[in-house]
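Q: Encoded as structure tokens, here's the structure I'll be asking about.
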Amino acid sequence: MITVDQYDFQGKRALVRVDFNVPLNNDFEITDDTRIRAAVPTIKKILGDGGAVVLMSHLGRPKGGPEEKYSLKHLIKPLEAAFQVPVQFSPDCVGAEAVELASNLKPGEVLLLENLRFHKEEEQGNQNFAEKLSLLGDVYVNDAFGTAHRAHASTAIVADYFPHDKVCGYVMQAELDNAKRVLTYVDRPFTAIMGGAKISDKILVIEQLLDRVDNLIIGGGMSYTFAKAQGGSIGNSLLEEDKQQLTLDLLKKAEEKGVKIYLPVDSVIADAFDNNAHSDVVESGTIPNDWMGLDIGPETRKQFAEVVRNSKTILWNGPMGVFEFPNFAVGTKAIAEAVVDATKNHGAYSLIGGGDSAAAVTQMGHAHDVSYVSTGGGALLEYMEGKELPGVIALQVEETPLT
Ligand code: 3PG
């Protein structure tokens, strides 16, 4: 793969696929700008070389046509602040106007294209659409690791139009390096912390990890399916009814492979799914009817934190509770603090998987206190499952045979 450092962008227009799929509030303000900040070094390198940048991204999941709430125009000001240069905007990502704006770009200038997913051809991986995108640059850069698991026109197809000028951005490179690090050489003990709502989203990655980790911590919504399968009462807590046998099989596999599994021993429960609901603490598997578990309990926090603090390699994906409710964020915060402590004070390597656990670490101001915070959610999980990512494969450059 050609890296950004190996490429001289002077006088070139770089068509850069970024993942600016960032969360916006009702006033269209960005609530977590991690993905934008992550893209800055690649953009600055291109501009610094004397190149121009054409940015393309998706935002949300529009239904194949324009939708105000998914317009990338909401990102113009934050991008100008991040890159410290004016950002021009093309109201369509393809077509005559986009071509004209892109061809008029001078070195040092930046053009942002409207949401790629306003055209259904993007997600279809349509070749004709990819060709139209390819007209907007002289060189293609993919820095969108978060979308690398999608075989879309802008991630997997457009690269074909730049056989000798397709470049792997800094974010993409760093993500692959960090993910490889936990898949290949690791210092032990290696602990994976898995949380979040659904076991079905993480089962494939958990199965892969059983061959690598020493400890597997399971918290968050998915832990209630384990508790129920083991004969506990979980009230109205999250349950994947049809995945109960799977959790038992997983526990058995872990035992066979000598992996130590840690499940919550107590739970913070609530009488409604509300930050201000009445709450209580009970032992796991003893949740009364009409109550639901929304966070790990104090004893679990202590146990999990102890395991994490004694680890030398840590992979964390998914919160321990409903951390967007401050009253039920205590467990997630305790884990974040233990990961930071292990990293800063005990020399552990820590990779925080994207999505909610990354948001939790960032919101707590700890993004620089861990080894790496991934910008990928699904992409990181698929990579960890051992799948090849279409966006990464597309960047392979064919070697010219020696004559
Ligand atoms: C993400 O946020 O995981 C990526 O931007 C991919 O988004 P998608 O799941 O809508 O394809």
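Within each chain, counting starts at residue 1; across the structure tokens, chains are named A, B, ... in the order shown, with ligands numbered 1 upward in that order.
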Considering only C-alpha atoms and all ligand atoms, give me a table of residues in chain A that are at most 6 Å from ligand 1, with the closest atom pair and distance in Å for each, as a Markdown table.

A:
```
| residue | atom | partner | partner_atom_place_in_ligand_line | distance |
| --- | --- | --- | --- | --- |
| A:Asp19 | CA | ligand 1 | 5 (O) | 5.7 |
| A:Asn21 | CA | ligand 1 | 5 (O) | 4.8 |
| A:Gly60 | CA | ligand 1 | 10 (O) | 5.7 |
| A:Arg61 | CA | ligand 1 | 10 (O) | 5.4 |
| A:Gly146 | CA | ligand 1 | 4 (C) | 4.7 |
| A:Thr147 | CA | ligand 1 | 6 (C) | 4.6 |
| A:Gly376 | CA | ligand 1 | 3 (O) | 5.9 |
| A:Gly377 | CA | ligand 1 | 3 (O) | 4.7 |
| A:Gly378 | CA | ligand 1 | 3 (O) | 5.1 |
```

Q: Among segment 189-349 of chain A, which residues carry a DSSP assignment of helix (DSSP H, G or I), reported as a count of residues only?

A: 66

Q: What's around Asp211 of chain A at 9 Å? Count only C-alpha atoms, leave out sequence neighbours fewer than 6 positions away in its own chain, and write the answer as a ChimeraX atom specification.

A: /A:254,257,259

Q: For His74 of chain A, please output as a ChimeraX atom specification all residues within 9 Å (counting only C-alpha atoms; exclusion window: fewer than 4 positions along the same chain).

A: /A:24,28-30,69-70,78

Q: Can I get the selected residues back with C-alpha atoms, as a short mmCIF file (atom, residue, chain, number, x, y, z; two decimals), in the first residue's frame?

A:
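What ended up in part_23.cif:
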```cif
data_model
loop_
_atom_site.label_atom_id
_atom_site.label_comp_id
_atom_site.auth_asym_id
_atom_site.auth_seq_id
_atom_site.Cartn_x
_atom_site.Cartn_y
_atom_site.Cartn_z
CA LEU A 24 -25.15 15.63 15.60
CA PHE A 28 -26.91 20.10 13.97
CA GLU A 29 -23.94 20.56 16.29
CA ILE A 30 -21.33 17.80 16.48
CA LYS A 69 -30.56 16.32 8.83
CA TYR A 70 -27.93 14.29 7.00
CA PRO A 78 -16.31 22.67 12.33
#
```

Q: Please report, as JSON, numbers by chain, each residue of segment 162-366 of chain A to which DSSP assigns strand (DSSP E or B) when run on this structure's backbone.

A: {"A": [166, 167, 168, 190, 191, 192, 193, 194, 215, 216, 217, 218, 233, 234, 260, 261, 262, 266, 267, 268, 269, 270, 279, 280, 281, 282, 283, 286, 287, 292, 293, 294, 295, 296, 313, 314, 315, 316, 317, 349, 350, 351, 352]}

Q: For Ile193 of chain A, which residue out of A:Ile2, A:Ile296, A:Ala227, A:Ile218 is the nearest one, using only C-alpha atoms?

A: A:Ile218

Q: List the spatial neighbours of Val282 of chain A as a PyMOL selection string - criterion: any atom at most 9 Å away, only C-alpha atoms, same-chain residues fewer than 5 positions off excluded.

A: chain A and resi 265-269+287+297

Q: Residues as selected, N, CA and C atoms, written as a PDB file, in the first residue's frame, can you do that?

A:
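Below is the file out08.pdb, written as the result:
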```pdb
ATOM      1  N   VAL A 265     -21.348  -9.650  39.074  1.00  0.00           N
ATOM      2  CA  VAL A 265     -21.885 -10.347  40.249  1.00  0.00           C
ATOM      3  C   VAL A 265     -23.011  -9.542  40.883  1.00  0.00           C
ATOM      4  N   ASP A 266     -23.085  -8.268  40.534  1.00  0.00           N
ATOM      5  CA  ASP A 266     -24.221  -7.461  40.990  1.00  0.00           C
ATOM      6  C   ASP A 266     -24.577  -6.422  39.925  1.00  0.00           C
ATOM      7  N   SER A 267     -25.714  -5.799  40.126  1.00  0.00           N
ATOM      8  CA  SER A 267     -26.262  -4.959  39.073  1.00  0.00           C
ATOM      9  C   SER A 267     -26.965  -3.745  39.684  1.00  0.00           C
ATOM     10  N   VAL A 268     -26.828  -2.584  39.033  1.00  0.00           N
ATOM     11  CA  VAL A 268     -27.639  -1.425  39.438  1.00  0.00           C
ATOM     12  C   VAL A 268     -28.923  -1.515  38.620  1.00  0.00           C
ATOM     13  N   ILE A 269     -30.046  -1.599  39.331  1.00  0.00           N
ATOM     14  CA  ILE A 269     -31.318  -1.786  38.627  1.00  0.00           C
ATOM     15  C   ILE A 269     -32.192  -0.531  38.741  1.00  0.00           C
ATOM     16  N   ILE A 287     -32.984 -10.020  39.777  1.00  0.00           N
ATOM     17  CA  ILE A 287     -33.668  -8.756  39.462  1.00  0.00           C
ATOM     18  C   ILE A 287     -35.185  -8.984  39.509  1.00  0.00           C
ATOM     19  N   GLY A 297     -22.884  -3.357  39.110  1.00  0.00           N
ATOM     20  CA  GLY A 297     -22.941  -2.915  40.506  1.00  0.00           C
ATOM     21  C   GLY A 297     -21.561  -2.645  41.100  1.00  0.00           C
TER      22      GLY A 297
END
```

Q: Work out how far atom CA of Ala14 of chain A is from atom CA of Pro107 of chain A, in Å to one decimal.

A: 10.3 Å

Q: So that I can check the surroundings of segment 84-95 of chain A, please list as a ChimeraX atom specification every protein, DNA and RNA residue that reaches within 7 Å of it, counting only C-alpha atoms and ignoring chain neighbours fewer than 4 positions away.

A: /A:76,80,99,110-116,132-133

Q: Generate a file of the selected residues that holds C-alpha atoms, formatted as a CSV table (one decimal), in the first residue's frame.

A:
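File selection.csv, as written:
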```csv
chain,number,residue,atom,x,y,z
A,76,ILE,CA,-18.5,23.2,7.1
A,80,GLU,CA,-12.9,25.1,8.8
A,99,VAL,CA,-16.6,18.7,-11.4
A,110,VAL,CA,-10.5,22.4,0.3
A,111,LEU,CA,-13.8,21.3,-1.2
A,112,LEU,CA,-16.4,19.3,0.8
A,113,LEU,CA,-18.9,17.2,-1.2
A,114,GLU,CA,-22.5,16.6,-0.1
A,115,ASN,CA,-23.4,13.3,1.5
A,116,LEU,CA,-22.4,10.4,-0.8
A,132,LYS,CA,-18.2,10.0,-11.7
A,133,LEU,CA,-16.5,10.5,-8.4
```

Q: Between atom CA of Ser371 of chain A and atom CA of Thr343 of chain A, what is the distance, to one decimal in Å?

A: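 Spanning atom CA of Ser371 of chain A to atom CA of Thr343 of chain A is a straight-line distance of 7.0 Å.
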
Q: Give me the residues near Glu388 of chain A as a list in words, where near means some atom within 12 Å (using only C-alpha atoms) and where sequence neighbours in that chain fewer than 4 positions away do not count.

A: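 Near neighbours after the sequence-gap exclusion: Ala148, His149, Arg150, Ala151, Ala156, Leu176, Ala379, Leu380, Leu381, Glu382, Tyr383, Met384, Val392, Ile393 and Ala394 of chain A.
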
Q: Kindly assemble as JSON lines a list of the segment 204-288 of chain A residues that lie within 10 Å of segment 310-321 of chain A, each paired with its nearest atom pair and their distance in Å to one decimal, using only C-alpha atoms, sorted first by chain and then by ascending residue number.

A:
```
{"residue": "A:Leu209", "atom": "CA", "partner": "A:Leu315", "partner_atom": "CA", "distance": 9.9}
{"residue": "A:Val213", "atom": "CA", "partner": "A:Thr313", "partner_atom": "CA", "distance": 9.0}
{"residue": "A:Asp214", "atom": "CA", "partner": "A:Ser311", "partner_atom": "CA", "distance": 9.3}
{"residue": "A:Asn215", "atom": "CA", "partner": "A:Ser311", "partner_atom": "CA", "distance": 8.9}
{"residue": "A:Leu216", "atom": "CA", "partner": "A:Leu315", "partner_atom": "CA", "distance": 9.7}
{"residue": "A:Ile217", "atom": "CA", "partner": "A:Trp316", "partner_atom": "CA", "distance": 9.2}
{"residue": "A:Ile218", "atom": "CA", "partner": "A:Met320", "partner_atom": "CA", "distance": 8.3}
{"residue": "A:Gly219", "atom": "CA", "partner": "A:Met320", "partner_atom": "CA", "distance": 4.9}
{"residue": "A:Gly220", "atom": "CA", "partner": "A:Met320", "partner_atom": "CA", "distance": 3.9}
{"residue": "A:Gly221", "atom": "CA", "partner": "A:Gly321", "partner_atom": "CA", "distance": 6.6}
{"residue": "A:Met222", "atom": "CA", "partner": "A:Met320", "partner_atom": "CA", "distance": 9.3}
{"residue": "A:Ser223", "atom": "CA", "partner": "A:Met320", "partner_atom": "CA", "distance": 9.1}
{"residue": "A:Pro264", "atom": "CA", "partner": "A:Met320", "partner_atom": "CA", "distance": 9.6}
{"residue": "A:Ser267", "atom": "CA", "partner": "A:Gly321", "partner_atom": "CA", "distance": 9.5}
{"residue": "A:Val268", "atom": "CA", "partner": "A:Gly321", "partner_atom": "CA", "distance": 9.0}
```

Q: Work out how far atom CA of Glu109 of chain A is from atom CA of Ala52 of chain A, in Å to one decimal.

A: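 Result for atom CA of Ala52 of chain A versus atom CA of Glu109 of chain A: 5.1 Å, one decimal.
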